[in-house]
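S.K.: What follows is the file protein-v3.txt, containing compact mmCIF, N, CA and C atoms:
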```
# COMPACT_ATOMS: atom_id res chain seq x y z
N MET A 1 27.10 4.37 -43.95
CA MET A 1 27.88 3.28 -44.50
C MET A 1 28.53 2.47 -43.38
N LYS A 2 29.00 3.16 -42.34
CA LYS A 2 29.67 2.45 -41.26
C LYS A 2 28.71 1.50 -40.54
N ALA A 3 27.51 1.97 -40.27
CA ALA A 3 26.51 1.11 -39.61
C ALA A 3 26.20 -0.10 -40.49
N ALA A 4 26.18 0.10 -41.80
CA ALA A 4 25.85 -0.98 -42.73
C ALA A 4 26.90 -2.09 -42.68
N TRP A 5 28.17 -1.72 -42.81
CA TRP A 5 29.17 -2.79 -42.82
C TRP A 5 29.32 -3.44 -41.45
N ILE A 6 29.06 -2.69 -40.39
CA ILE A 6 29.11 -3.29 -39.05
C ILE A 6 28.00 -4.33 -38.91
N CYS A 7 26.79 -4.02 -39.39
CA CYS A 7 25.69 -5.00 -39.36
C CYS A 7 26.09 -6.28 -40.09
N LEU A 8 26.70 -6.13 -41.25
CA LEU A 8 27.08 -7.30 -42.04
C LEU A 8 28.23 -8.08 -41.40
N VAL A 9 29.15 -7.39 -40.75
CA VAL A 9 30.23 -8.08 -40.04
C VAL A 9 29.67 -8.86 -38.85
N VAL A 10 28.67 -8.30 -38.17
CA VAL A 10 28.04 -9.01 -37.05
C VAL A 10 27.38 -10.30 -37.55
N VAL A 11 26.68 -10.22 -38.67
CA VAL A 11 26.04 -11.42 -39.22
C VAL A 11 27.10 -12.46 -39.60
N GLY A 12 28.12 -12.02 -40.32
CA GLY A 12 29.20 -12.94 -40.70
C GLY A 12 29.93 -13.50 -39.49
N GLY A 13 30.15 -12.66 -38.49
CA GLY A 13 30.80 -13.12 -37.26
C GLY A 13 29.96 -14.15 -36.51
N GLY A 14 28.64 -13.97 -36.51
CA GLY A 14 27.76 -14.95 -35.87
C GLY A 14 27.82 -16.30 -36.57
N ILE A 15 27.82 -16.27 -37.89
CA ILE A 15 27.92 -17.52 -38.66
C ILE A 15 29.28 -18.16 -38.44
N LEU A 16 30.32 -17.37 -38.43
CA LEU A 16 31.67 -17.86 -38.20
C LEU A 16 31.78 -18.50 -36.81
N ALA A 17 31.23 -17.84 -35.81
CA ALA A 17 31.27 -18.38 -34.44
C ALA A 17 30.51 -19.70 -34.34
N PHE A 18 29.31 -19.76 -34.94
CA PHE A 18 28.57 -21.02 -34.93
C PHE A 18 29.38 -22.12 -35.59
N GLY A 19 30.00 -21.80 -36.73
CA GLY A 19 30.79 -22.81 -37.43
C GLY A 19 31.93 -23.34 -36.60
N LEU A 20 32.62 -22.45 -35.91
CA LEU A 20 33.74 -22.89 -35.06
C LEU A 20 33.26 -23.76 -33.91
N VAL A 21 32.14 -23.38 -33.30
CA VAL A 21 31.58 -24.19 -32.21
C VAL A 21 31.18 -25.57 -32.73
N ALA A 22 30.54 -25.61 -33.90
CA ALA A 22 30.10 -26.89 -34.47
C ALA A 22 31.28 -27.79 -34.82
N VAL A 23 32.39 -27.20 -35.24
CA VAL A 23 33.58 -27.98 -35.56
C VAL A 23 34.25 -28.50 -34.29
N LEU A 24 34.39 -27.63 -33.29
CA LEU A 24 35.14 -27.98 -32.09
C LEU A 24 34.34 -28.76 -31.06
N ALA A 25 33.03 -28.54 -31.00
CA ALA A 25 32.22 -29.21 -29.98
C ALA A 25 30.85 -29.57 -30.56
N PRO A 26 30.80 -30.50 -31.51
CA PRO A 26 29.51 -30.85 -32.12
C PRO A 26 28.54 -31.41 -31.09
N SER A 27 27.28 -31.00 -31.19
CA SER A 27 26.29 -31.42 -30.19
C SER A 27 25.22 -32.31 -30.79
N SER A 28 25.53 -32.97 -31.87
CA SER A 28 24.55 -33.78 -32.57
C SER A 28 24.89 -35.25 -32.45
N ASP A 29 23.87 -36.09 -32.68
CA ASP A 29 24.12 -37.52 -32.71
C ASP A 29 25.04 -37.88 -33.87
N ASN A 30 24.91 -37.15 -34.95
CA ASN A 30 25.74 -37.37 -36.12
C ASN A 30 26.89 -36.35 -36.10
N GLU A 31 27.92 -36.68 -35.35
CA GLU A 31 29.04 -35.77 -35.12
C GLU A 31 29.75 -35.36 -36.41
N ARG A 32 29.93 -36.29 -37.32
CA ARG A 32 30.64 -35.98 -38.58
C ARG A 32 29.86 -34.99 -39.43
N LEU A 33 28.55 -35.15 -39.51
CA LEU A 33 27.72 -34.23 -40.28
C LEU A 33 27.74 -32.84 -39.65
N MET A 34 27.67 -32.80 -38.33
CA MET A 34 27.71 -31.50 -37.63
C MET A 34 29.04 -30.80 -37.87
N ARG A 35 30.12 -31.54 -37.84
CA ARG A 35 31.43 -30.93 -38.11
C ARG A 35 31.55 -30.45 -39.54
N ALA A 36 31.00 -31.23 -40.48
CA ALA A 36 31.01 -30.80 -41.89
C ALA A 36 30.20 -29.51 -42.05
N ASP A 37 29.03 -29.43 -41.42
CA ASP A 37 28.24 -28.20 -41.45
C ASP A 37 29.02 -27.05 -40.80
N GLY A 38 29.74 -27.36 -39.75
CA GLY A 38 30.54 -26.35 -39.07
C GLY A 38 31.65 -25.80 -39.95
N VAL A 39 32.28 -26.67 -40.70
CA VAL A 39 33.34 -26.23 -41.62
C VAL A 39 32.74 -25.32 -42.69
N ALA A 40 31.57 -25.70 -43.24
CA ALA A 40 30.91 -24.88 -44.26
C ALA A 40 30.51 -23.53 -43.68
N ALA A 41 29.95 -23.52 -42.48
CA ALA A 41 29.55 -22.26 -41.85
C ALA A 41 30.76 -21.39 -41.53
N THR A 42 31.84 -22.00 -41.11
CA THR A 42 33.06 -21.24 -40.83
C THR A 42 33.54 -20.53 -42.10
N GLY A 43 33.55 -21.25 -43.21
CA GLY A 43 33.96 -20.64 -44.47
C GLY A 43 33.01 -19.54 -44.91
N MET A 44 31.71 -19.78 -44.79
CA MET A 44 30.73 -18.78 -45.18
C MET A 44 30.86 -17.52 -44.33
N GLY A 45 31.02 -17.70 -43.03
CA GLY A 45 31.17 -16.55 -42.14
C GLY A 45 32.47 -15.80 -42.40
N PHE A 46 33.54 -16.53 -42.59
CA PHE A 46 34.84 -15.93 -42.84
C PHE A 46 34.83 -15.08 -44.12
N PHE A 47 34.32 -15.67 -45.21
CA PHE A 47 34.28 -14.93 -46.46
C PHE A 47 33.30 -13.76 -46.40
N GLY A 48 32.20 -13.93 -45.69
CA GLY A 48 31.26 -12.82 -45.53
C GLY A 48 31.88 -11.65 -44.79
N VAL A 49 32.61 -11.95 -43.72
CA VAL A 49 33.29 -10.90 -42.97
C VAL A 49 34.33 -10.20 -43.85
N LEU A 50 35.11 -10.98 -44.58
CA LEU A 50 36.13 -10.38 -45.46
C LEU A 50 35.49 -9.50 -46.54
N ILE A 51 34.39 -9.97 -47.13
CA ILE A 51 33.72 -9.18 -48.16
C ILE A 51 33.18 -7.88 -47.56
N ALA A 52 32.60 -7.97 -46.36
CA ALA A 52 32.06 -6.77 -45.71
C ALA A 52 33.16 -5.78 -45.33
N LEU A 53 34.31 -6.30 -44.90
CA LEU A 53 35.38 -5.42 -44.43
C LEU A 53 36.20 -4.78 -45.55
N VAL A 54 36.32 -5.44 -46.69
CA VAL A 54 37.19 -4.89 -47.72
C VAL A 54 36.40 -4.34 -48.91
N PRO A 55 35.88 -5.18 -49.81
CA PRO A 55 35.25 -4.60 -51.00
C PRO A 55 33.93 -3.87 -50.72
N PHE A 56 33.16 -4.32 -49.74
CA PHE A 56 31.91 -3.62 -49.42
C PHE A 56 32.21 -2.21 -48.93
N ARG A 57 33.21 -2.07 -48.07
CA ARG A 57 33.57 -0.74 -47.57
C ARG A 57 34.14 0.15 -48.68
N ARG A 58 34.70 -0.46 -49.71
CA ARG A 58 35.19 0.30 -50.87
C ARG A 58 34.06 0.64 -51.84
N ARG A 59 32.87 0.22 -51.49
CA ARG A 59 31.67 0.45 -52.30
C ARG A 59 31.72 -0.26 -53.65
N GLU A 60 32.29 -1.46 -53.65
CA GLU A 60 32.31 -2.26 -54.86
C GLU A 60 30.96 -2.96 -54.99
N ARG A 61 30.31 -2.69 -56.09
CA ARG A 61 28.93 -3.14 -56.28
C ARG A 61 28.78 -4.66 -56.20
N TRP A 62 29.77 -5.41 -56.67
CA TRP A 62 29.69 -6.87 -56.63
C TRP A 62 29.59 -7.36 -55.18
N ALA A 63 30.24 -6.67 -54.26
CA ALA A 63 30.19 -7.08 -52.85
C ALA A 63 28.79 -6.89 -52.29
N TRP A 64 28.17 -5.77 -52.64
CA TRP A 64 26.79 -5.51 -52.21
C TRP A 64 25.87 -6.60 -52.74
N LEU A 65 26.04 -6.96 -54.01
CA LEU A 65 25.21 -8.00 -54.61
C LEU A 65 25.47 -9.36 -53.97
N ALA A 66 26.73 -9.69 -53.74
CA ALA A 66 27.08 -10.99 -53.16
C ALA A 66 26.54 -11.15 -51.74
N LEU A 67 26.53 -10.08 -50.98
CA LEU A 67 26.08 -10.16 -49.59
C LEU A 67 24.56 -10.30 -49.46
N TRP A 68 23.82 -10.21 -50.55
CA TRP A 68 22.38 -10.50 -50.51
C TRP A 68 22.14 -11.97 -50.20
N PHE A 69 23.22 -12.76 -50.23
CA PHE A 69 23.09 -14.16 -49.83
C PHE A 69 22.65 -14.26 -48.37
N TYR A 70 23.09 -13.34 -47.52
CA TYR A 70 22.75 -13.41 -46.10
C TYR A 70 21.24 -13.36 -45.83
N PRO A 71 20.52 -12.34 -46.29
CA PRO A 71 19.08 -12.35 -45.98
C PRO A 71 18.36 -13.53 -46.64
N VAL A 72 18.78 -13.92 -47.83
CA VAL A 72 18.16 -15.08 -48.48
C VAL A 72 18.39 -16.33 -47.64
N PHE A 73 19.62 -16.51 -47.17
CA PHE A 73 19.98 -17.65 -46.33
C PHE A 73 19.14 -17.68 -45.05
N TRP A 74 19.04 -16.53 -44.37
CA TRP A 74 18.33 -16.50 -43.09
C TRP A 74 16.81 -16.62 -43.27
N ILE A 75 16.28 -16.04 -44.32
CA ILE A 75 14.84 -16.18 -44.57
C ILE A 75 14.51 -17.63 -44.91
N ALA A 76 15.36 -18.29 -45.70
CA ALA A 76 15.15 -19.71 -46.01
C ALA A 76 15.19 -20.56 -44.74
N HIS A 77 16.11 -20.25 -43.85
CA HIS A 77 16.18 -20.98 -42.59
C HIS A 77 14.94 -20.74 -41.73
N LEU A 78 14.47 -19.51 -41.72
CA LEU A 78 13.29 -19.17 -40.92
C LEU A 78 12.03 -19.83 -41.48
N VAL A 79 11.82 -19.70 -42.77
CA VAL A 79 10.63 -20.28 -43.41
C VAL A 79 10.66 -21.80 -43.33
N GLY A 80 11.83 -22.38 -43.54
CA GLY A 80 11.96 -23.84 -43.50
C GLY A 80 12.13 -24.41 -42.10
N ARG A 81 12.15 -23.53 -41.09
CA ARG A 81 12.36 -23.95 -39.69
C ARG A 81 13.60 -24.84 -39.55
N LEU A 82 14.67 -24.36 -40.18
CA LEU A 82 15.92 -25.11 -40.20
C LEU A 82 16.79 -24.73 -39.01
N PRO A 83 17.72 -25.61 -38.64
CA PRO A 83 18.66 -25.28 -37.57
C PRO A 83 19.65 -24.21 -38.05
N PRO A 84 20.46 -23.63 -37.25
CA PRO A 84 20.70 -23.97 -35.85
C PRO A 84 19.67 -23.35 -34.92
N GLY A 85 19.48 -24.01 -33.82
CA GLY A 85 18.58 -23.52 -32.79
C GLY A 85 17.14 -23.92 -33.03
N LYS A 86 16.33 -23.78 -31.98
CA LYS A 86 14.92 -24.12 -32.08
C LYS A 86 14.03 -22.91 -31.87
N ASP A 87 14.58 -21.81 -31.37
CA ASP A 87 13.75 -20.63 -31.10
C ASP A 87 13.63 -19.70 -32.30
N HIS A 88 14.56 -19.75 -33.22
CA HIS A 88 14.57 -18.98 -34.46
C HIS A 88 14.64 -17.47 -34.27
N VAL A 89 14.85 -16.99 -33.03
CA VAL A 89 15.00 -15.55 -32.79
C VAL A 89 16.25 -15.03 -33.49
N HIS A 90 17.32 -15.80 -33.42
CA HIS A 90 18.57 -15.36 -34.05
C HIS A 90 18.40 -15.21 -35.56
N GLN A 91 17.54 -16.04 -36.16
CA GLN A 91 17.32 -15.93 -37.60
C GLN A 91 16.62 -14.62 -37.95
N VAL A 92 15.68 -14.21 -37.12
CA VAL A 92 14.99 -12.93 -37.34
C VAL A 92 15.98 -11.78 -37.15
N VAL A 93 16.80 -11.85 -36.11
CA VAL A 93 17.78 -10.80 -35.85
C VAL A 93 18.80 -10.71 -36.98
N PHE A 94 19.33 -11.85 -37.43
CA PHE A 94 20.31 -11.83 -38.51
C PHE A 94 19.68 -11.40 -39.84
N THR A 95 18.41 -11.74 -40.06
CA THR A 95 17.72 -11.27 -41.26
C THR A 95 17.60 -9.75 -41.21
N ALA A 96 17.18 -9.22 -40.07
CA ALA A 96 17.02 -7.76 -39.93
C ALA A 96 18.37 -7.05 -40.08
N LEU A 97 19.41 -7.57 -39.45
CA LEU A 97 20.73 -6.95 -39.56
C LEU A 97 21.25 -6.97 -40.99
N SER A 98 21.08 -8.10 -41.67
CA SER A 98 21.60 -8.18 -43.04
C SER A 98 20.80 -7.28 -43.97
N LEU A 99 19.48 -7.20 -43.79
CA LEU A 99 18.68 -6.30 -44.62
C LEU A 99 19.05 -4.83 -44.35
N ALA A 100 19.24 -4.50 -43.08
CA ALA A 100 19.64 -3.13 -42.75
C ALA A 100 21.01 -2.81 -43.36
N GLY A 101 21.93 -3.76 -43.24
CA GLY A 101 23.27 -3.55 -43.79
C GLY A 101 23.29 -3.40 -45.30
N LEU A 102 22.31 -3.97 -45.98
CA LEU A 102 22.26 -3.87 -47.44
C LEU A 102 21.39 -2.73 -47.93
N LEU A 103 20.34 -2.40 -47.21
CA LEU A 103 19.42 -1.35 -47.67
C LEU A 103 19.88 0.05 -47.29
N LEU A 104 20.53 0.20 -46.14
CA LEU A 104 20.99 1.54 -45.72
C LEU A 104 21.92 2.19 -46.75
N PRO A 105 22.90 1.48 -47.29
CA PRO A 105 23.83 2.14 -48.21
C PRO A 105 23.49 1.99 -49.69
N THR A 106 22.25 1.70 -50.02
CA THR A 106 21.90 1.47 -51.42
C THR A 106 22.34 2.62 -52.31
N ARG A 107 22.17 3.86 -51.88
CA ARG A 107 22.56 5.01 -52.70
C ARG A 107 24.07 5.11 -52.88
N ALA A 108 24.83 4.57 -51.93
CA ALA A 108 26.29 4.58 -52.08
C ALA A 108 26.73 3.65 -53.21
N PHE A 109 25.98 2.58 -53.41
CA PHE A 109 26.31 1.63 -54.47
C PHE A 109 25.63 1.97 -55.79
N PHE A 110 24.51 2.66 -55.71
CA PHE A 110 23.75 3.04 -56.90
C PHE A 110 23.37 4.51 -56.80
N PRO A 111 24.35 5.41 -56.96
CA PRO A 111 24.06 6.84 -56.83
C PRO A 111 23.10 7.31 -57.93
N PRO A 112 22.36 8.40 -57.65
CA PRO A 112 21.47 8.93 -58.67
C PRO A 112 22.26 9.33 -59.91
N SER A 113 21.63 9.18 -61.05
CA SER A 113 22.29 9.49 -62.31
C SER A 113 22.59 10.99 -62.39
N THR A 114 23.80 11.31 -62.83
CA THR A 114 24.20 12.72 -62.97
C THR A 114 24.50 13.04 -64.42
N THR A 115 24.00 12.22 -65.34
CA THR A 115 24.26 12.48 -66.75
C THR A 115 23.47 13.68 -67.22
N ARG A 116 24.05 14.43 -68.11
CA ARG A 116 23.40 15.63 -68.65
C ARG A 116 22.83 15.32 -70.02
N THR A 117 21.80 16.02 -70.36
CA THR A 117 21.24 15.88 -71.71
C THR A 117 22.01 16.76 -72.66
N LYS A 118 21.86 16.52 -73.94
CA LYS A 118 22.55 17.33 -74.96
C LYS A 118 22.14 18.79 -74.89
N GLU A 119 20.90 19.08 -74.54
CA GLU A 119 20.43 20.47 -74.45
C GLU A 119 21.17 21.25 -73.38
N ASN A 120 21.46 20.60 -72.26
CA ASN A 120 22.15 21.29 -71.16
C ASN A 120 23.61 21.56 -71.49
N GLU A 121 24.19 20.80 -72.42
CA GLU A 121 25.60 20.94 -72.72
C GLU A 121 25.87 21.90 -73.87
N SER A 122 24.86 22.31 -74.59
CA SER A 122 25.10 23.16 -75.77
C SER A 122 25.54 24.55 -75.31
N PRO A 123 26.49 25.18 -76.06
CA PRO A 123 26.97 26.50 -75.67
C PRO A 123 25.90 27.57 -75.85
N GLY A 124 25.99 28.60 -75.05
CA GLY A 124 25.08 29.72 -75.14
C GLY A 124 23.83 29.56 -74.29
N ARG A 125 23.74 28.53 -73.55
CA ARG A 125 22.55 28.36 -72.69
C ARG A 125 22.93 28.41 -71.25
```
Produce structure tokens that represent the structure in this file.

M.R.:
Amino acid sequence: MKAAWICLVVVGGGILAFGLVAVLAPSSDNERLMRADGVAATGMGFFGVLIALVPFRRRERWAWLALWFYPVFWIAHLVGRLPPGKDHVHQVVFTALSLAGLLLPTRAFFPPSTTRTKENESPGR
């Protein structure tokens, strides 16, 4: 579980860092659009880190489901050849980290069923 939430915090931290850089030092011809993207990325990274640090670590199922946004986001960026960056290595790394962070603790969020049948509960057996 610890490795899982650390992976997700790294992904969220990377998005947060990109957002802050885009807000503070935009490198695009369209500075206003880059800053707007930076604000959105900052929010996405911030909320992702908070979700990974608090409800995900508490094993709240909604947090696990919500954080599936990360691999979807990174795969869409990779397939669509979207920015940031032109090498796309970071997209592969963030996709792998987010998938690892979500798949490693699957049993913690969805434990095997421990329900008993009526036959096992009847007295005398």

S.K.: Counting only N, CA and C atoms, which of A:Gly43, A:Gly101, A:Pro111, A:Pro55 gets nearest to Leu16 of chain A?

M.R.: A:Gly43

S.K.: Please measure the separation of atom N of Ala25 of chain A and atom N of Ala96 of chain A, giving the value in Å to one decimal.

M.R.: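 One can read the atom N of Ala25 of chain A to atom N of Ala96 of chain A distance as 26.6 Å.
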
S.K.: For Ala17 of chain A, please output as an mmCIF file with N, CA and C atoms, keeping the file's coordinate frame all residues within 8 Å (counting all atoms listed in the file; exclusion window: fewer than 6 positions along the same chain).

M.R.:
```cif
data_model
loop_
_atom_site.group_PDB
_atom_site.id
_atom_site.type_symbol
_atom_site.label_atom_id
_atom_site.label_comp_id
_atom_site.auth_asym_id
_atom_site.auth_seq_id
_atom_site.Cartn_x
_atom_site.Cartn_y
_atom_site.Cartn_z
ATOM 1 N N VAL A 11 26.680 -10.220 -38.670
ATOM 2 C CA VAL A 11 26.040 -11.420 -39.220
ATOM 3 C C VAL A 11 27.100 -12.460 -39.600
ATOM 4 N N VAL A 23 32.390 -27.200 -35.240
ATOM 5 C CA VAL A 23 33.580 -27.980 -35.560
ATOM 6 C C VAL A 23 34.250 -28.500 -34.290
ATOM 7 N N ALA A 41 29.950 -23.520 -42.480
ATOM 8 C CA ALA A 41 29.550 -22.260 -41.850
ATOM 9 C C ALA A 41 30.760 -21.390 -41.530
ATOM 10 N N THR A 42 31.840 -22.000 -41.110
ATOM 11 C CA THR A 42 33.060 -21.240 -40.830
ATOM 12 C C THR A 42 33.540 -20.530 -42.100
ATOM 13 N N GLY A 45 31.020 -17.700 -43.030
ATOM 14 C CA GLY A 45 31.170 -16.550 -42.140
ATOM 15 C C GLY A 45 32.470 -15.800 -42.400
ATOM 16 N N PHE A 46 33.540 -16.530 -42.590
ATOM 17 C CA PHE A 46 34.840 -15.930 -42.840
ATOM 18 C C PHE A 46 34.830 -15.080 -44.120
#
```

S.K.: Tell me, in Å to one decimal, how far atom C of Leu33 of chain A is from atom CA of Val72 of chain A.

M.R.: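 Atom CA of Val72 of chain A lies at a distance of 22.0 Å from atom C of Leu33 of chain A.
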
S.K.: Which one of A:Ile15, A:Ser27, A:Asp37, A:Arg61 sits closest to Ala108 of chain A if you count all atoms listed in the file?

M.R.: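 Looking at the shortest contact to Ala108 of chain A, the residue is A:Arg61.
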
S.K.: Which of segment 18-89 of chain A counts as helix (DSSP H, G or I) under DSSP, as a VMD selection string please?

M.R.: chain A and resid 18 to 24 31 to 53 61 to 66 69 to 79 89

S.K.: Write the residues of the selection above to a file with N, CA and C atoms, as a short mmCIF file (atom, residue, chain, number, x, y, z; two decimals), in the coordinates of the input.

M.R.:
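What ended up in selection-v1.cif:
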```
data_model
loop_
_atom_site.label_atom_id
_atom_site.label_comp_id
_atom_site.auth_asym_id
_atom_site.auth_seq_id
_atom_site.Cartn_x
_atom_site.Cartn_y
_atom_site.Cartn_z
N PHE A 18 29.31 -19.76 -34.94
CA PHE A 18 28.57 -21.02 -34.93
C PHE A 18 29.38 -22.12 -35.59
N GLY A 19 30.00 -21.80 -36.73
CA GLY A 19 30.79 -22.81 -37.43
C GLY A 19 31.93 -23.34 -36.60
N LEU A 20 32.62 -22.45 -35.91
CA LEU A 20 33.74 -22.89 -35.06
C LEU A 20 33.26 -23.76 -33.91
N VAL A 21 32.14 -23.38 -33.30
CA VAL A 21 31.58 -24.19 -32.21
C VAL A 21 31.18 -25.57 -32.73
N ALA A 22 30.54 -25.61 -33.90
CA ALA A 22 30.10 -26.89 -34.47
C ALA A 22 31.28 -27.79 -34.82
N VAL A 23 32.39 -27.20 -35.24
CA VAL A 23 33.58 -27.98 -35.56
C VAL A 23 34.25 -28.50 -34.29
N LEU A 24 34.39 -27.63 -33.29
CA LEU A 24 35.14 -27.98 -32.09
C LEU A 24 34.34 -28.76 -31.06
N GLU A 31 27.92 -36.68 -35.35
CA GLU A 31 29.04 -35.77 -35.12
C GLU A 31 29.75 -35.36 -36.41
N ARG A 32 29.93 -36.29 -37.32
CA ARG A 32 30.64 -35.98 -38.58
C ARG A 32 29.86 -34.99 -39.43
N LEU A 33 28.55 -35.15 -39.51
CA LEU A 33 27.72 -34.23 -40.28
C LEU A 33 27.74 -32.84 -39.65
N MET A 34 27.67 -32.80 -38.33
CA MET A 34 27.71 -31.50 -37.63
C MET A 34 29.04 -30.80 -37.87
N ARG A 35 30.12 -31.54 -37.84
CA ARG A 35 31.43 -30.93 -38.11
C ARG A 35 31.55 -30.45 -39.54
N ALA A 36 31.00 -31.23 -40.48
CA ALA A 36 31.01 -30.80 -41.89
C ALA A 36 30.20 -29.51 -42.05
N ASP A 37 29.03 -29.43 -41.42
CA ASP A 37 28.24 -28.20 -41.45
C ASP A 37 29.02 -27.05 -40.80
N GLY A 38 29.74 -27.36 -39.75
CA GLY A 38 30.54 -26.35 -39.07
C GLY A 38 31.65 -25.80 -39.95
N VAL A 39 32.28 -26.67 -40.70
CA VAL A 39 33.34 -26.23 -41.62
C VAL A 39 32.74 -25.32 -42.69
N ALA A 40 31.57 -25.70 -43.24
CA ALA A 40 30.91 -24.88 -44.26
C ALA A 40 30.51 -23.53 -43.68
N ALA A 41 29.95 -23.52 -42.48
CA ALA A 41 29.55 -22.26 -41.85
C ALA A 41 30.76 -21.39 -41.53
N THR A 42 31.84 -22.00 -41.11
CA THR A 42 33.06 -21.24 -40.83
C THR A 42 33.54 -20.53 -42.10
N GLY A 43 33.55 -21.25 -43.21
CA GLY A 43 33.96 -20.64 -44.47
C GLY A 43 33.01 -19.54 -44.91
N MET A 44 31.71 -19.78 -44.79
CA MET A 44 30.73 -18.78 -45.18
C MET A 44 30.86 -17.52 -44.33
N GLY A 45 31.02 -17.70 -43.03
CA GLY A 45 31.17 -16.55 -42.14
C GLY A 45 32.47 -15.80 -42.40
N PHE A 46 33.54 -16.53 -42.59
CA PHE A 46 34.84 -15.93 -42.84
C PHE A 46 34.83 -15.08 -44.12
N PHE A 47 34.32 -15.67 -45.21
CA PHE A 47 34.28 -14.93 -46.46
C PHE A 47 33.30 -13.76 -46.40
N GLY A 48 32.20 -13.93 -45.69
CA GLY A 48 31.26 -12.82 -45.53
C GLY A 48 31.88 -11.65 -44.79
N VAL A 49 32.61 -11.95 -43.72
CA VAL A 49 33.29 -10.90 -42.97
C VAL A 49 34.33 -10.20 -43.85
N LEU A 50 35.11 -10.98 -44.58
CA LEU A 50 36.13 -10.38 -45.46
C LEU A 50 35.49 -9.50 -46.54
N ILE A 51 34.39 -9.97 -47.13
CA ILE A 51 33.72 -9.18 -48.16
C ILE A 51 33.18 -7.88 -47.56
N ALA A 52 32.60 -7.97 -46.36
CA ALA A 52 32.06 -6.77 -45.71
C ALA A 52 33.16 -5.78 -45.33
N LEU A 53 34.31 -6.30 -44.90
CA LEU A 53 35.38 -5.42 -44.43
C LEU A 53 36.20 -4.78 -45.55
N ARG A 61 30.31 -2.69 -56.09
CA ARG A 61 28.93 -3.14 -56.28
C ARG A 61 28.78 -4.66 -56.20
N TRP A 62 29.77 -5.41 -56.67
CA TRP A 62 29.69 -6.87 -56.63
C TRP A 62 29.59 -7.36 -55.18
N ALA A 63 30.24 -6.67 -54.26
CA ALA A 63 30.19 -7.08 -52.85
C ALA A 63 28.79 -6.89 -52.29
N TRP A 64 28.17 -5.77 -52.64
CA TRP A 64 26.79 -5.51 -52.21
C TRP A 64 25.87 -6.60 -52.74
N LEU A 65 26.04 -6.96 -54.01
CA LEU A 65 25.21 -8.00 -54.61
C LEU A 65 25.47 -9.36 -53.97
N ALA A 66 26.73 -9.69 -53.74
CA ALA A 66 27.08 -10.99 -53.16
C ALA A 66 26.54 -11.15 -51.74
N PHE A 69 23.22 -12.76 -50.23
CA PHE A 69 23.09 -14.16 -49.83
C PHE A 69 22.65 -14.26 -48.37
N TYR A 70 23.09 -13.34 -47.52
CA TYR A 70 22.75 -13.41 -46.10
C TYR A 70 21.24 -13.36 -45.83
N PRO A 71 20.52 -12.34 -46.29
CA PRO A 71 19.08 -12.35 -45.98
C PRO A 71 18.36 -13.53 -46.64
N VAL A 72 18.78 -13.92 -47.83
CA VAL A 72 18.16 -15.08 -48.48
C VAL A 72 18.39 -16.33 -47.64
N PHE A 73 19.62 -16.51 -47.17
CA PHE A 73 19.98 -17.65 -46.33
C PHE A 73 19.14 -17.68 -45.05
N TRP A 74 19.04 -16.53 -44.37
CA TRP A 74 18.33 -16.50 -43.09
C TRP A 74 16.81 -16.62 -43.27
N ILE A 75 16.28 -16.04 -44.32
CA ILE A 75 14.84 -16.18 -44.57
C ILE A 75 14.51 -17.63 -44.91
N ALA A 76 15.36 -18.29 -45.70
CA ALA A 76 15.15 -19.71 -46.01
C ALA A 76 15.19 -20.56 -44.74
N HIS A 77 16.11 -20.25 -43.85
CA HIS A 77 16.18 -20.98 -42.59
C HIS A 77 14.94 -20.74 -41.73
N LEU A 78 14.47 -19.51 -41.72
CA LEU A 78 13.29 -19.17 -40.92
C LEU A 78 12.03 -19.83 -41.48
N VAL A 79 11.82 -19.70 -42.77
CA VAL A 79 10.63 -20.28 -43.41
C VAL A 79 10.66 -21.80 -43.33
N VAL A 89 14.85 -16.99 -33.03
CA VAL A 89 15.00 -15.55 -32.79
C VAL A 89 16.25 -15.03 -33.49
#
```

S.K.: Show me, as JSON, numbers by chain, the residues that have an atom within 7 Å of Leu8 of chain A when counting only C-alpha atoms, minus same-chain residues fewer than 4 positions from it.

M.R.: {"A": [4, 12, 52, 97, 98, 101]}

S.K.: Nearest residue to His90 of chain A out of A:Met1, A:Leu53, A:Val10, A:Ala36, using only C-alpha atoms?

M.R.: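 Smallest distance to His90 of chain A is found for A:Val10.
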
S.K.: Quick check, in Å to one decimal: how far apart do atom CA of Met34 of chain A and atom CA of Leu78 of chain A lie?

M.R.: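 For atom CA of Met34 of chain A relative to atom CA of Leu78 of chain A, the distance reads 19.3 Å.
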
S.K.: Measuring atom to atom with all atoms listed in the file, identify which of A:Pro71, A:Gly80, A:Trp64, A:Gly48 is nearest to Phe109 of chain A.

M.R.: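 Under the stated criterion, the closest residue is A:Trp64.
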
S.K.: Using all atoms listed in the file, which residue out of A:Cys7, A:Leu24, A:Lys2, A:Arg59 lies closest to Leu99 of chain A?

M.R.: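 Under the stated criterion, the closest residue is A:Cys7.
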